[in-house]
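Notes for the one structure printed next.
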Amino acid sequence: ASFGMANIANRVRLHRMFLEKLLGIHRDKLLPDFAATTFEKWAERAGKIKPAARSEVVLFQTCYVQNNEPQIGRDTVDVLERNSVDVSCVRGLQCCGMPAWEHGDLESLRRQARANLDILLPFVEKGAKIVAINPTCSMMMRREHPALMSPEDRPDAEKVAAAVMDPSEFLWSIRNEPR
């Protein structure tokens, strides 16, 4: 279900003209709808939010899944659980930083990544893998964060990077490698 008022702003020509002038988003560009409920709110109601306990996987749902397509996150949790994976969801994850990086805003990228490291590192230190739904986010966390973080944050970024996997990569690993 779509979130009415946010989606009206995407469809009303006057709003679109305003977005074009203010943000440079062309008035004819189709924008994604906002979900009525975020992935995180669903995860909370479904009892999927867990503290940094010993979980096999912690899900990095991504901004798009969080705000626009939470069903993708619910489906990912369902697939993992059907494969007997102990999956945790968490509160407060921020963007991977790709949009900030594309604009050369390393300060925002580092701030967002540091906030995510604070949330994810306790899981990683207890042996969890981080399953990132979007391959762009996975690439940012694995390859770019260790290189772009400030020197004092690089060791944490490297630990988290080593634990990041795509969903299919993780499922392949548990079905085709000895545990």
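Numbering starts fresh at 1 for the residues of each chain in the structure tokens, the chains themselves are lettered A, B, ... in the order given, and ligands are numbered from 1 as they appear.
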Output as JSON lines one row per residue of stretch 56-102 of chain A within 12 Å of stretch 148-161 of chain A: the closest atom pair and its distance in Å to one decimal place, counting only C-alpha atoms, sorted by chain and residue number ascending.
```
{"residue": "A:Val58", "atom": "CA", "partner": "A:Val160", "partner_atom": "CA", "distance": 11.3}
{"residue": "A:Phe60", "atom": "CA", "partner": "A:Val160", "partner_atom": "CA", "distance": 11.6}
{"residue": "A:Cys96", "atom": "CA", "partner": "A:Ala161", "partner_atom": "CA", "distance": 12.0}
{"residue": "A:Gly97", "atom": "CA", "partner": "A:Leu148", "partner_atom": "CA", "distance": 10.6}
{"residue": "A:Met98", "atom": "CA", "partner": "A:Leu148", "partner_atom": "CA", "distance": 11.5}
{"residue": "A:Ala100", "atom": "CA", "partner": "A:Leu148", "partner_atom": "CA", "distance": 12.0}
{"residue": "A:Trp101", "atom": "CA", "partner": "A:Leu148", "partner_atom": "CA", "distance": 9.4}
```
**OP:** Tell me, as a PyMOL selection string, which residues lie within 12 Å of A:Ile133, counting only C-alpha atoms; anything in the same chain fewer than 6 positions away does not count.
**Re:** chain A and resi 58-66+69-77+80+96+139+141+164-170
Subject >> Expected answer as a list in words: strand (DSSP E) residues in stretch 57-133 of chain A >> reply: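 Residues meeting the strand (DSSP E) criterion: Val57, Val58, Leu59, Phe60, Val87, Ser88, Lys129, Ile130, Val131 and Ala132 of chain A.
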**OP:** Enter the distance from atom CA of A:Leu171 to atom CA of A:Asn83, in Å, rounded to one decimal.
**Re:**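 Here the two named atoms are 8.0 Å from each other.
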**OP:** Would you mind reading off the distance between atom CA of A:Arg54 and atom CA of A:Lys129, one decimal, in Å?
**Re:**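 Result for atom CA of A:Arg54 versus atom CA of A:Lys129: 10.6 Å, one decimal.
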